[in-house]
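Engineer: So here's run-v2.txt (compact mmCIF, N, CA and C atoms).
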# COMPACT_ATOMS: atom_id res chain seq x y z
N MET A 1 73.36 41.01 85.30
CA MET A 1 73.66 42.05 86.25
C MET A 1 75.15 42.34 86.27
N PHE A 2 75.98 41.32 86.49
CA PHE A 2 77.42 41.52 86.46
C PHE A 2 77.92 41.26 85.05
N PRO A 3 78.92 41.99 84.61
CA PRO A 3 79.39 41.77 83.24
C PRO A 3 80.10 40.43 83.07
N TYR A 4 80.78 39.93 84.10
CA TYR A 4 81.52 38.67 84.00
C TYR A 4 81.20 37.81 85.22
N PRO A 5 80.07 37.14 85.24
CA PRO A 5 79.69 36.39 86.45
C PRO A 5 80.60 35.21 86.75
N ASP A 6 81.22 34.61 85.73
CA ASP A 6 82.11 33.48 85.98
C ASP A 6 83.34 33.90 86.77
N GLN A 7 83.88 35.07 86.48
CA GLN A 7 85.06 35.52 87.21
C GLN A 7 84.74 35.79 88.68
N TYR A 8 83.55 36.31 88.96
CA TYR A 8 83.15 36.53 90.35
C TYR A 8 82.97 35.19 91.07
N ARG A 9 82.44 34.21 90.38
CA ARG A 9 82.22 32.90 90.96
C ARG A 9 83.56 32.21 91.26
N VAL A 10 84.51 32.32 90.35
CA VAL A 10 85.82 31.69 90.54
C VAL A 10 86.60 32.39 91.64
N ALA A 11 86.39 33.67 91.84
CA ALA A 11 87.11 34.43 92.87
C ALA A 11 86.51 34.26 94.26
N MET A 12 85.41 33.55 94.39
CA MET A 12 84.74 33.42 95.68
C MET A 12 85.61 32.73 96.75
N PRO A 13 86.28 31.60 96.48
CA PRO A 13 87.11 30.99 97.53
C PRO A 13 88.30 31.85 97.99
N PRO A 14 89.08 32.47 97.09
CA PRO A 14 90.15 33.33 97.60
C PRO A 14 89.64 34.56 98.35
N MET A 15 88.50 35.07 97.94
CA MET A 15 87.93 36.21 98.67
C MET A 15 87.49 35.80 100.07
N THR A 16 87.00 34.58 100.21
CA THR A 16 86.64 34.07 101.53
C THR A 16 87.89 33.91 102.39
N THR A 17 88.98 33.47 101.80
CA THR A 17 90.24 33.36 102.53
C THR A 17 90.74 34.74 102.95
N ALA A 18 90.60 35.71 102.08
CA ALA A 18 90.99 37.08 102.43
C ALA A 18 90.09 37.63 103.54
N LEU A 19 88.83 37.26 103.52
CA LEU A 19 87.91 37.67 104.59
C LEU A 19 88.35 37.08 105.92
N MET A 20 88.88 35.84 105.91
CA MET A 20 89.41 35.24 107.13
C MET A 20 90.51 36.11 107.73
N VAL A 21 91.42 36.56 106.90
CA VAL A 21 92.55 37.35 107.38
C VAL A 21 92.07 38.70 107.90
N VAL A 22 91.19 39.35 107.17
CA VAL A 22 90.68 40.65 107.61
C VAL A 22 89.91 40.51 108.92
N TRP A 23 89.09 39.47 109.03
CA TRP A 23 88.31 39.26 110.26
C TRP A 23 89.24 38.99 111.44
N ALA A 24 90.29 38.20 111.23
CA ALA A 24 91.21 37.88 112.33
C ALA A 24 91.94 39.14 112.80
N LEU A 25 92.37 39.98 111.88
CA LEU A 25 93.08 41.20 112.27
C LEU A 25 92.16 42.17 112.99
N MET A 26 90.95 42.33 112.50
CA MET A 26 90.01 43.25 113.15
C MET A 26 89.54 42.70 114.49
N ALA A 27 89.22 41.42 114.56
CA ALA A 27 88.70 40.85 115.79
C ALA A 27 89.75 40.83 116.89
N HIS A 28 91.00 40.60 116.53
CA HIS A 28 92.05 40.60 117.55
C HIS A 28 92.27 42.00 118.11
N ALA A 29 92.07 43.01 117.27
CA ALA A 29 92.23 44.38 117.73
C ALA A 29 91.06 44.84 118.59
N ILE A 30 89.87 44.30 118.34
CA ILE A 30 88.68 44.77 119.03
C ILE A 30 88.35 43.94 120.27
N PHE A 31 88.37 42.62 120.15
CA PHE A 31 87.92 41.73 121.22
C PHE A 31 89.09 41.19 122.02
N THR A 32 88.76 40.56 123.15
CA THR A 32 89.80 39.94 123.98
C THR A 32 90.27 38.64 123.35
N ASP A 33 91.32 38.07 123.93
CA ASP A 33 91.85 36.80 123.42
C ASP A 33 90.82 35.70 123.57
N SER A 34 90.71 34.88 122.57
CA SER A 34 89.80 33.73 122.46
C SER A 34 88.34 34.11 122.72
N SER A 35 87.93 35.25 122.21
CA SER A 35 86.53 35.65 122.30
C SER A 35 85.71 34.77 121.36
N PRO A 36 84.60 34.21 121.85
CA PRO A 36 83.79 33.36 120.96
C PRO A 36 83.24 34.12 119.75
N PHE A 37 82.98 35.42 119.92
CA PHE A 37 82.47 36.20 118.81
C PHE A 37 83.49 36.34 117.70
N SER A 38 84.76 36.34 118.05
CA SER A 38 85.78 36.44 117.01
C SER A 38 86.20 35.07 116.48
N LEU A 39 86.00 34.01 117.25
CA LEU A 39 86.45 32.68 116.85
C LEU A 39 85.43 31.94 115.99
N TYR A 40 84.16 32.01 116.32
CA TYR A 40 83.15 31.22 115.62
C TYR A 40 83.00 31.56 114.13
N PRO A 41 83.08 32.83 113.72
CA PRO A 41 83.04 33.08 112.27
C PRO A 41 84.22 32.44 111.53
N LEU A 42 85.39 32.40 112.19
CA LEU A 42 86.53 31.75 111.55
C LEU A 42 86.30 30.25 111.39
N LEU A 43 85.66 29.65 112.38
CA LEU A 43 85.38 28.22 112.29
C LEU A 43 84.39 27.90 111.17
N ALA A 44 83.59 28.87 110.79
CA ALA A 44 82.62 28.66 109.71
C ALA A 44 83.19 28.99 108.33
N LEU A 45 84.26 29.77 108.28
CA LEU A 45 84.75 30.23 106.97
C LEU A 45 85.52 29.17 106.20
N PHE A 46 86.27 28.30 106.87
CA PHE A 46 86.99 27.26 106.13
C PHE A 46 86.03 26.26 105.47
N PRO A 47 85.00 25.77 106.17
CA PRO A 47 84.03 24.94 105.44
C PRO A 47 83.34 25.68 104.30
N THR A 48 83.21 26.99 104.43
CA THR A 48 82.65 27.78 103.34
C THR A 48 83.56 27.75 102.12
N VAL A 49 84.87 27.81 102.33
CA VAL A 49 85.83 27.71 101.23
C VAL A 49 85.70 26.36 100.54
N ILE A 50 85.62 25.30 101.32
CA ILE A 50 85.48 23.95 100.75
C ILE A 50 84.16 23.85 99.98
N GLY A 51 83.09 24.38 100.55
CA GLY A 51 81.80 24.36 99.86
C GLY A 51 81.82 25.15 98.57
N ALA A 52 82.53 26.27 98.56
CA ALA A 52 82.62 27.06 97.33
C ALA A 52 83.37 26.30 96.25
N HIS A 53 84.42 25.59 96.64
CA HIS A 53 85.15 24.80 95.65
C HIS A 53 84.29 23.64 95.13
N LEU A 54 83.54 23.00 96.00
CA LEU A 54 82.66 21.93 95.55
C LEU A 54 81.59 22.46 94.60
N TYR A 55 81.09 23.66 94.89
CA TYR A 55 80.12 24.30 94.00
C TYR A 55 80.73 24.58 92.63
N LEU A 56 81.98 25.05 92.61
CA LEU A 56 82.65 25.33 91.34
C LEU A 56 82.88 24.05 90.55
N ILE A 57 83.24 22.97 91.24
CA ILE A 57 83.45 21.70 90.54
C ILE A 57 82.12 21.18 90.00
N TRP A 58 81.06 21.31 90.79
CA TRP A 58 79.74 20.81 90.39
C TRP A 58 79.21 21.57 89.17
N GLN A 59 79.42 22.87 89.10
CA GLN A 59 78.88 23.69 88.02
C GLN A 59 79.72 23.64 86.75
N ALA A 60 80.96 23.16 86.83
CA ALA A 60 81.84 23.14 85.66
C ALA A 60 81.42 22.04 84.70
N LYS A 61 81.87 22.18 83.47
CA LYS A 61 81.54 21.21 82.43
C LYS A 61 82.81 20.71 81.78
N GLY A 62 82.87 19.42 81.51
CA GLY A 62 83.96 18.83 80.73
C GLY A 62 85.33 19.02 81.34
N MET A 63 86.27 19.48 80.51
CA MET A 63 87.65 19.66 80.94
C MET A 63 87.77 20.74 82.01
N SER A 64 86.85 21.66 82.03
CA SER A 64 86.88 22.71 83.04
C SER A 64 86.68 22.12 84.45
N ARG A 65 86.00 21.01 84.55
CA ARG A 65 85.82 20.35 85.85
C ARG A 65 87.17 19.89 86.41
N LEU A 66 88.04 19.39 85.54
CA LEU A 66 89.38 18.99 85.96
C LEU A 66 90.19 20.22 86.40
N ASP A 67 90.02 21.32 85.70
CA ASP A 67 90.69 22.56 86.09
C ASP A 67 90.22 23.02 87.46
N GLN A 68 88.93 22.92 87.71
CA GLN A 68 88.40 23.32 89.01
C GLN A 68 88.88 22.40 90.13
N CYS A 69 89.04 21.11 89.83
CA CYS A 69 89.57 20.17 90.82
C CYS A 69 91.01 20.52 91.16
N PHE A 70 91.80 20.86 90.15
CA PHE A 70 93.19 21.26 90.40
C PHE A 70 93.23 22.55 91.21
N TYR A 71 92.36 23.49 90.88
CA TYR A 71 92.26 24.76 91.61
C TYR A 71 91.93 24.48 93.08
N ALA A 72 91.02 23.56 93.33
CA ALA A 72 90.66 23.21 94.71
C ALA A 72 91.80 22.52 95.42
N LEU A 73 92.50 21.62 94.72
CA LEU A 73 93.61 20.91 95.35
C LEU A 73 94.78 21.83 95.70
N VAL A 74 94.91 22.93 95.01
CA VAL A 74 95.95 23.90 95.33
C VAL A 74 95.48 24.87 96.42
N HIS A 75 94.26 25.35 96.31
CA HIS A 75 93.81 26.41 97.21
C HIS A 75 93.40 25.90 98.59
N ILE A 76 92.78 24.75 98.69
CA ILE A 76 92.29 24.28 99.99
C ILE A 76 93.42 24.07 101.00
N PRO A 77 94.56 23.44 100.65
CA PRO A 77 95.64 23.37 101.66
C PRO A 77 96.20 24.73 102.04
N LEU A 78 96.29 25.64 101.08
CA LEU A 78 96.76 26.98 101.41
C LEU A 78 95.77 27.70 102.32
N ALA A 79 94.49 27.54 102.05
CA ALA A 79 93.47 28.15 102.90
C ALA A 79 93.47 27.53 104.29
N PHE A 80 93.79 26.24 104.39
CA PHE A 80 93.87 25.59 105.70
C PHE A 80 94.99 26.18 106.54
N VAL A 81 96.12 26.45 105.91
CA VAL A 81 97.23 27.06 106.64
C VAL A 81 96.86 28.47 107.10
N VAL A 82 96.25 29.24 106.22
CA VAL A 82 95.81 30.59 106.59
C VAL A 82 94.78 30.51 107.71
N TRP A 83 93.85 29.58 107.61
CA TRP A 83 92.81 29.40 108.62
C TRP A 83 93.42 29.06 109.98
N THR A 84 94.41 28.17 109.99
CA THR A 84 95.07 27.79 111.24
C THR A 84 95.76 28.99 111.89
N PHE A 85 96.45 29.77 111.10
CA PHE A 85 97.14 30.92 111.66
C PHE A 85 96.18 32.02 112.09
N THR A 86 95.05 32.17 111.41
CA THR A 86 94.08 33.17 111.87
C THR A 86 93.46 32.75 113.20
N ILE A 87 93.20 31.46 113.37
CA ILE A 87 92.68 30.99 114.66
C ILE A 87 93.71 31.21 115.76
N MET A 88 94.97 30.93 115.46
CA MET A 88 96.02 31.17 116.45
C MET A 88 96.15 32.66 116.77
N HIS A 89 95.99 33.51 115.77
CA HIS A 89 96.08 34.95 115.99
C HIS A 89 94.93 35.45 116.86
N VAL A 90 93.74 34.96 116.60
CA VAL A 90 92.57 35.39 117.36
C VAL A 90 92.65 34.90 118.80
N ASN A 91 93.17 33.70 119.02
CA ASN A 91 93.26 33.17 120.38
C ASN A 91 94.33 33.86 121.20
N GLY A 92 95.34 34.42 120.59
CA GLY A 92 96.35 35.18 121.31
C GLY A 92 97.08 34.32 122.33
N ASN A 93 97.07 34.77 123.57
CA ASN A 93 97.76 34.05 124.65
C ASN A 93 96.84 33.11 125.39
N ALA A 94 95.72 32.76 124.84
CA ALA A 94 94.77 31.90 125.55
C ALA A 94 95.26 30.47 125.68
N PHE A 95 96.13 30.03 124.76
CA PHE A 95 96.63 28.65 124.83
C PHE A 95 97.75 28.50 125.86
N SER A 96 98.48 29.57 126.16
CA SER A 96 99.61 29.43 127.06
C SER A 96 99.25 29.64 128.51
Translate the structure of the given file into structure tokens.

Structural biologist:
Amino acid sequence: MFPYPDQYRVAMPPMTTALMVVWALMAHAIFTDSSPFSLYPLLALFPTVIGAHLYLIWQAKGMSRLDQCFYALVHIPLAFVVWTFTIMHVNGNAFS
């Protein structure tokens, strides 16, 4: 169906991180501060990123598995920082 299915599979974790940012910006503009409807999808997206990386490591073969592990070790901490800031953005002034 897709001409390059491996590229779509490898792009899944960064696209999920981008979805976090888009959701945080839209939800903060639409809903009130610390709305559960805007917060709960964010809480589910970071484990989705980790699951996507585990899936990529599981499906890889040979030396490519090591490449996927390195990709996960680089992307997961960056996604965690993005995830933390999106949660802070969605909560707004609810913490203060």

Engineer: If I take atom CA of Asn91 of chain A and atom CA of Leu39 of chain A, how far is one from the other in Å, to one decimal?

Structural biologist: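 So the two atoms, atom CA of Asn91 of chain A and atom CA of Leu39 of chain A, lie 7.7 Å apart.
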
Engineer: Find the nearest atom pair between each residue of segment 60-93 of chain A and segment 1-12 of chain A for residues within 12 Å, count only C-alpha atoms, give distances in Å to one decimal, sort rows by chain and ascending number, and present the table as a tab-separated table.

Structural biologist:
residue	atom	partner	partner_atom	distance
A:Ala60	CA	A:Asp6	CA	10.3
A:Ser64	CA	A:Val10	CA	11.7
A:Asp67	CA	A:Val10	CA	11.3
A:Gln68	CA	A:Val10	CA	8.9
A:Tyr71	CA	A:Val10	CA	9.5
A:Ala72	CA	A:Val10	CA	10.6
A:His75	CA	A:Ala11	CA	11.3

Engineer: Measuring between all atoms listed in the file, which one of A:Val49, A:Ile30, A:Leu43, A:Leu25 shows the shortest distance to Ala79 of chain A?

Structural biologist: A:Val49

Engineer: For a test of reading the model, state the distance in Å between atom CA of Met88 of chain A and atom CA of Leu54 of chain A, rounded to one decimal.

Structural biologist: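 Atom CA of Leu54 of chain A lies 26.5 Å from atom CA of Met88 of chain A.
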
Engineer: Please report the interatomic distance between atom N of Gly92 of chain A and atom CA of His28 of chain A in Å with one decimal.

Structural biologist: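 Atom CA of His28 of chain A lies at a distance of 7.6 Å from atom N of Gly92 of chain A.
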
Engineer: Which protein, DNA or RNA residues have an atom at most 5 Å from (82.1, 31.6, 107.5), counting only N, CA and C atoms? List them as a tab-separated table (two decimals) with N, CA and C atoms, in the frame of the given file.

Structural biologist:
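That gives us point-v1.tsv:
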chain	number	residue	atom	x	y	z
A	41	PRO	N	83.08	32.83	113.72
A	41	PRO	CA	83.04	33.08	112.27
A	41	PRO	C	84.22	32.44	111.53
A	44	ALA	N	83.59	28.87	110.79
A	44	ALA	CA	82.62	28.66	109.71
A	44	ALA	C	83.19	28.99	108.33
A	45	LEU	N	84.26	29.77	108.28
A	45	LEU	CA	84.75	30.23	106.97
A	45	LEU	C	85.52	29.17	106.20
